[in-house]
Amino acid sequence: MAKVLVSDKLSPEGVKILQQAGFEVDCKTGLPPEELKKIIGNYQALVVRSETQVTADVIACAKALKVVGRAGVGVDNIDVEAATHKGIIVMNAPGGNTISTCEQAFALIMACARNTPTAHASTKSGKWDRSKFKGVELYSKTLGIVGMGRIGKEIAKRAIAFGMHVVAYDPFITQEVAEKLGVKSVALDELAKTCDFMTVHTPLTEETKNLISAKQLATMKPSAYVINCARGGIINEDDLYNALKEKKIKGAALDVYVDEPPTGSKLYELDNLIMTPHLGASTDEAQLNVAIEIAHCIVDALTNRAIRNAVNYMQLDPETYKVIGPYFTLAEKMGRFMGGILEGAVKEVKLTYVGELSTYKVDILAGSFVKGLLVRQMGDEINDINAIELAKGRGVKIEQVKVTEDQEFANSIQACVVTDKETKTLEGTLFANKDARLVKFDGIYLEVAPTEYMLVIENQDKPGAIGFLGTVLGKHGVNIADMSLGRRKEKGMALTVLNIDSALDEKVCAEIKANPIIVSLKVVKL
């Protein structure tokens, strides 16, 4: 009989599902870390929400643990890497709070439009200031949705039902998919300029942090409102404060904050800001849905039926994994590299597996590549398991081809990605069957070890280009760890890839781009 520890509050229906499967379930909430470490060795599964911190120390004490289930979307309170190293499956419940968060966002949109919170407070205080709280109709107004994932799509349905015009910004949604949803796909700057209401529904990643800042807020209509029920930090709180204080926009509503609770925040000073305490998933239905979803996932995993909603699991027999395991890392790094280089919405992905590698069960590698390609926009929402499904849901065509004939490299992965703006190709292989290398980019031969920070520079093949780059980076204290050079023909266009030890400031990028010998520069963070 498997033993399951529920360490955060979980709806009784979820506990019941675990018990009906024949598991022994202990509900012990609010455990101090030391107490959790003492008892975790007795359990095969652990169910948490956001309170319990499943650290590497906790995982080190988990002698029998097979599954950690998060009754919610994010897994930031779980050390996924430590769990993976120990062979523990980490699962989440990404679909359970979609409607709940959508409805909270829409409630805040309506509250902004009709001044509901302030009108309520005024009336409860004994006043009757009807003229003071005159609002606006949603009908015929333009709603701008930043992020068209599950929640963004649900918001669009409701807005259209209210007679609103909907524009959306999502780098990985094509215009064709947007049209099927009844929305218009636009650039972020255009969305900011045209919308009457802006609502944010992206995960918080390095790419989306401060996505909405002073630049966008300055171009919005003075009558516009901004709503955030996604994650604190996607909207720059200082810039939002200034925009509201100076009446550059009409108002805003926040359900999430950089620091929660936002104790001492200057946001409290504003009378044109609605604030709620992270209520997006706080409905009876959402709590019930995530509990049921994660309970069924754990039952299936512990009874060897299926693995669903796993963020770190690949179902391969040990012998196959021994051969192709290192290619998972290569595929994801190739995807991350392409994701950092490409411009436009992805429309097609073609992966070709070359050599003996193609004789194995390699189709699963596509999940790693697509995850790497889309992770900057989708964050915790995407993993190796669901990457293909999420990509197809965004209208991305995925093709996989196996080639057994000998080519330039004994075993390699070739990727071709088509966006609505460009097409790029990349080939990767393993050195000594373990070390990832990028060996050809857009037909140019290279030898690049993918590292955390990389500069990809297209330049004119003229003397002085490399010296210039070294001088500028050295002047700003940026160390070059490695360099790879390639070109199509003599004195034509050349490609320079630099591995650097730290991130690159925008001012340094601008200084490099100012040299006419530099055609383009992309900063890639793997």
# chains A, B, ... in the order shown; residues from 1 in each chain; ligands from 1
>>> select_by_dssp(residues="region 174-203 of chain A", states="strand (DSSP E)", output="MDAnalysis selection string")
chainID A and resid 184:185 197:200
>>> write_last_selection(atoms="C-alpha atoms", output="PDB file, in the first residue's frame")
ATOM      1  CA  LYS A 184      -6.565  40.339 -34.153  1.00  0.00           C
ATOM      2  CA  SER A 185      -2.883  39.568 -33.554  1.00  0.00           C
ATOM      3  CA  PHE A 197      -8.443  47.840 -21.407  1.00  0.00           C
ATOM      4  CA  MET A 198      -5.246  45.796 -21.217  1.00  0.00           C
ATOM      5  CA  THR A 199      -5.191  42.468 -19.371  1.00  0.00           C
ATOM      6  CA  VAL A 200      -2.022  40.406 -18.862  1.00  0.00           C
TER       7      VAL A 200
END
>>> select_by_dssp(residues="region 425-523 of chain A", states="helix (DSSP H, G or I)", output="list in words")
Ala465, Ile466, Gly467, Phe468, Leu469, Gly470, Thr471, Val472, Leu473, Gly474, Lys475, Glu506, Lys507, Val508, Cys509, Ala510, Glu511, Ile512 and Lys513 of chain A
>>> write_last_selection(atoms="N, CA and C atoms", output="PDB file, in the first residue's frame")
ATOM      1  N   ALA A 465      36.799  43.125 -37.689  1.00  0.00           N
ATOM      2  CA  ALA A 465      35.533  42.829 -37.017  1.00  0.00           C
ATOM      3  C   ALA A 465      35.757  42.161 -35.666  1.00  0.00           C
ATOM      4  N   ILE A 466      36.613  41.145 -35.637  1.00  0.00           N
ATOM      5  CA  ILE A 466      36.851  40.426 -34.393  1.00  0.00           C
ATOM      6  C   ILE A 466      37.559  41.318 -33.380  1.00  0.00           C
ATOM      7  N   GLY A 467      38.531  42.087 -33.853  1.00  0.00           N
ATOM      8  CA  GLY A 467      39.233  42.998 -32.953  1.00  0.00           C
ATOM      9  C   GLY A 467      38.291  44.018 -32.332  1.00  0.00           C
ATOM     10  N   PHE A 468      37.369  44.521 -33.142  1.00  0.00           N
ATOM     11  CA  PHE A 468      36.390  45.490 -32.632  1.00  0.00           C
ATOM     12  C   PHE A 468      35.546  44.885 -31.523  1.00  0.00           C
ATOM     13  N   LEU A 469      35.050  43.664 -31.766  1.00  0.00           N
ATOM     14  CA  LEU A 469      34.216  43.015 -30.757  1.00  0.00           C
ATOM     15  C   LEU A 469      34.990  42.792 -29.458  1.00  0.00           C
ATOM     16  N   GLY A 470      36.219  42.302 -29.567  1.00  0.00           N
ATOM     17  CA  GLY A 470      37.030  42.075 -28.380  1.00  0.00           C
ATOM     18  C   GLY A 470      37.299  43.350 -27.618  1.00  0.00           C
ATOM     19  N   THR A 471      37.552  44.441 -28.346  1.00  0.00           N
ATOM     20  CA  THR A 471      37.829  45.728 -27.700  1.00  0.00           C
ATOM     21  C   THR A 471      36.621  46.243 -26.925  1.00  0.00           C
ATOM     22  N   VAL A 472      35.447  46.213 -27.576  1.00  0.00           N
ATOM     23  CA  VAL A 472      34.234  46.730 -26.921  1.00  0.00           C
ATOM     24  C   VAL A 472      33.889  45.894 -25.673  1.00  0.00           C
ATOM     25  N   LEU A 473      33.902  44.571 -25.826  1.00  0.00           N
ATOM     26  CA  LEU A 473      33.551  43.721 -24.685  1.00  0.00           C
ATOM     27  C   LEU A 473      34.574  43.847 -23.564  1.00  0.00           C
ATOM     28  N   GLY A 474      35.850  43.910 -23.923  1.00  0.00           N
ATOM     29  CA  GLY A 474      36.885  44.068 -22.905  1.00  0.00           C
ATOM     30  C   GLY A 474      36.757  45.380 -22.156  1.00  0.00           C
ATOM     31  N   LYS A 475      36.407  46.433 -22.890  1.00  0.00           N
ATOM     32  CA  LYS A 475      36.239  47.753 -22.264  1.00  0.00           C
ATOM     33  C   LYS A 475      35.144  47.735 -21.205  1.00  0.00           C
ATOM     34  N   GLU A 506      22.287  46.512 -22.445  1.00  0.00           N
ATOM     35  CA  GLU A 506      21.733  47.037 -23.701  1.00  0.00           C
ATOM     36  C   GLU A 506      22.613  48.132 -24.296  1.00  0.00           C
ATOM     37  N   LYS A 507      23.284  48.881 -23.438  1.00  0.00           N
ATOM     38  CA  LYS A 507      24.158  49.949 -23.939  1.00  0.00           C
ATOM     39  C   LYS A 507      25.346  49.365 -24.697  1.00  0.00           C
ATOM     40  N   VAL A 508      25.862  48.232 -24.209  1.00  0.00           N
ATOM     41  CA  VAL A 508      26.970  47.583 -24.900  1.00  0.00           C
ATOM     42  C   VAL A 508      26.492  47.058 -26.254  1.00  0.00           C
ATOM     43  N   CYS A 509      25.296  46.463 -26.257  1.00  0.00           N
ATOM     44  CA  CYS A 509      24.719  45.987 -27.524  1.00  0.00           C
ATOM     45  C   CYS A 509      24.586  47.136 -28.521  1.00  0.00           C
ATOM     46  N   ALA A 510      24.098  48.260 -28.045  1.00  0.00           N
ATOM     47  CA  ALA A 510      23.911  49.416 -28.925  1.00  0.00           C
ATOM     48  C   ALA A 510      25.243  49.901 -29.483  1.00  0.00           C
ATOM     49  N   GLU A 511      26.292  49.867 -28.659  1.00  0.00           N
ATOM     50  CA  GLU A 511      27.615  50.299 -29.111  1.00  0.00           C
ATOM     51  C   GLU A 511      28.148  49.376 -30.208  1.00  0.00           C
ATOM     52  N   ILE A 512      27.905  48.070 -30.049  1.00  0.00           N
ATOM     53  CA  ILE A 512      28.348  47.118 -31.072  1.00  0.00           C
ATOM     54  C   ILE A 512      27.562  47.314 -32.368  1.00  0.00           C
ATOM     55  N   LYS A 513      26.252  47.458 -32.241  1.00  0.00           N
ATOM     56  CA  LYS A 513      25.398  47.598 -33.420  1.00  0.00           C
ATOM     57  C   LYS A 513      25.695  48.885 -34.191  1.00  0.00           C
TER      58      LYS A 513
END
>>> residues_around(residues="Cys112 (chain A)", least_positions_apart="3", cutoff="10 Å", atoms="only C-alpha atoms", output="ChimeraX atom specification")
/A:106-109,115-118,135-136,197,224-227,250-253,272-274
>>> residues_around(residues="region 212-220 of chain A", least_positions_apart="6", cutoff="7 Å", atoms="only C-alpha atoms", output="PyMOL selection string")
chain A and resi 189+192-193+234-236+239+243+248-249
>>> write_last_selection(atoms="N, CA and C atoms", output="compact mmCIF listing (two decimals), in the first residue's frame")
# COMPACT_ATOMS: atom_id res chain seq x y z
N ASP A 189 3.38 47.13 -28.93
CA ASP A 189 3.24 48.59 -28.96
C ASP A 189 1.91 49.02 -29.56
N ALA A 192 -0.87 48.42 -27.01
CA ALA A 192 -0.90 49.45 -25.97
C ALA A 192 -1.57 50.74 -26.48
N LYS A 193 -1.29 51.11 -27.72
CA LYS A 193 -1.83 52.36 -28.26
C LYS A 193 -3.33 52.29 -28.52
N ILE A 234 5.30 41.24 -14.16
CA ILE A 234 5.12 41.37 -15.61
C ILE A 234 4.87 42.84 -15.95
N ILE A 235 4.12 43.51 -15.08
CA ILE A 235 3.96 44.97 -15.18
C ILE A 235 4.91 45.60 -14.17
N ASN A 236 5.74 46.51 -14.62
CA ASN A 236 6.67 47.20 -13.73
C ASN A 236 5.87 48.06 -12.75
N ASP A 239 6.71 51.86 -12.62
CA ASP A 239 6.21 52.59 -13.80
C ASP A 239 4.69 52.71 -13.77
N ALA A 243 2.48 56.18 -13.74
CA ALA A 243 1.45 56.42 -14.74
C ALA A 243 0.10 56.73 -14.10
N LYS A 248 -1.65 59.43 -16.40
CA LYS A 248 -1.37 59.11 -17.80
C LYS A 248 -2.34 58.04 -18.30
N ILE A 249 -2.83 57.21 -17.40
CA ILE A 249 -3.90 56.27 -17.71
C ILE A 249 -4.99 56.45 -16.66
>>> residues_around(residues="region 300-313 of chain A", least_positions_apart="4", cutoff="8 Å", atoms="only C-alpha atoms", output="PyMOL selection string")
chain A and resi 2+66-67+80+84+89-94+296+382-386
>>> write_last_selection(atoms="C-alpha atoms", output="mmCIF file, in the first residue's frame")
data_model
loop_
_atom_site.group_PDB
_atom_site.id
_atom_site.type_symbol
_atom_site.label_atom_id
_atom_site.label_comp_id
_atom_site.auth_asym_id
_atom_site.auth_seq_id
_atom_site.Cartn_x
_atom_site.Cartn_y
_atom_site.Cartn_z
ATOM 1 C CA ALA A 2 1.458 3.328 -1.071
ATOM 2 C CA LYS A 66 8.238 8.559 -6.348
ATOM 3 C CA VAL A 67 5.932 11.504 -7.056
ATOM 4 C CA VAL A 80 12.612 20.088 -9.829
ATOM 5 C CA THR A 84 14.877 14.707 -11.312
ATOM 6 C CA ILE A 89 8.374 12.659 -10.926
ATOM 7 C CA VAL A 90 7.114 16.214 -10.414
ATOM 8 C CA MET A 91 3.547 16.911 -11.589
ATOM 9 C CA ASN A 92 1.253 19.908 -11.585
ATOM 10 C CA ALA A 93 -2.404 20.669 -12.343
ATOM 11 C CA PRO A 94 -2.283 23.336 -15.053
ATOM 12 C CA HIS A 296 -5.929 11.402 -10.482
ATOM 13 C CA ILE A 382 5.366 24.192 -20.845
ATOM 14 C CA ASN A 383 7.390 21.041 -20.264
ATOM 15 C CA ASP A 384 8.733 18.060 -22.203
ATOM 16 C CA ILE A 385 5.429 16.264 -21.848
ATOM 17 C CA ASN A 386 2.983 18.934 -23.019
#
>>> closest_residue(among="A:Gly144, A:Ala119, A:Leu446, A:Gly30", to="Tyr169 (chain A)", atoms="only C-alpha atoms")
A:Gly144
>>> closest_atom_pairs(of="region 262-346 of chain A", to="region 421-440 of chain A", cutoff="6 Å", atoms="only C-alpha atoms", output="tab-separated table")
residue	atom	partner	partner_atom	distance
A:Pro326	CA	A:Lys434	CA	5.8
A:Leu330	CA	A:Ala436	CA	5.4
A:Gly344	CA	A:Lys421	CA	5.3
>>> closest_residue(among="A:Lys347, A:Arg336, A:His278, A:Arg231", to="Asp420 (chain A)", atoms="only C-alpha atoms")
A:Lys347
>>> closest_residue(among="A:His476, A:Arg70, A:Arg488, A:Lys462", to="Val6 (chain A)", atoms="only C-alpha atoms")
A:Arg70
>>> closest_residue(among="A:Val256, A:Leu211, A:Leu504, A:Leu357", to="Lys402 (chain A)", atoms="only C-alpha atoms")
A:Leu357
>>> residues_around(residues="Leu46 (chain A)", least_positions_apart="3", cutoff="8 Å", atoms="only C-alpha atoms", output="list in words")
Val4, Leu5, Val6, Ser7, Tyr43, Leu65, Val67, Val68 and Gly69 of chain A
>>> write_last_selection(atoms="C-alpha atoms", output="CSV table (one decimal), in the first residue's frame")
chain,number,residue,atom,x,y,z
A,4,VAL,CA,0.7,9.7,0.5
A,5,LEU,CA,1.5,12.8,2.5
A,6,VAL,CA,-0.7,15.9,1.9
A,7,SER,CA,1.3,18.7,3.5
A,43,TYR,CA,6.0,8.3,1.8
A,65,LEU,CA,9.3,9.2,-2.7
A,67,VAL,CA,5.9,11.5,-7.1
A,68,VAL,CA,5.5,15.1,-6.0
A,69,GLY,CA,2.2,16.6,-7.0
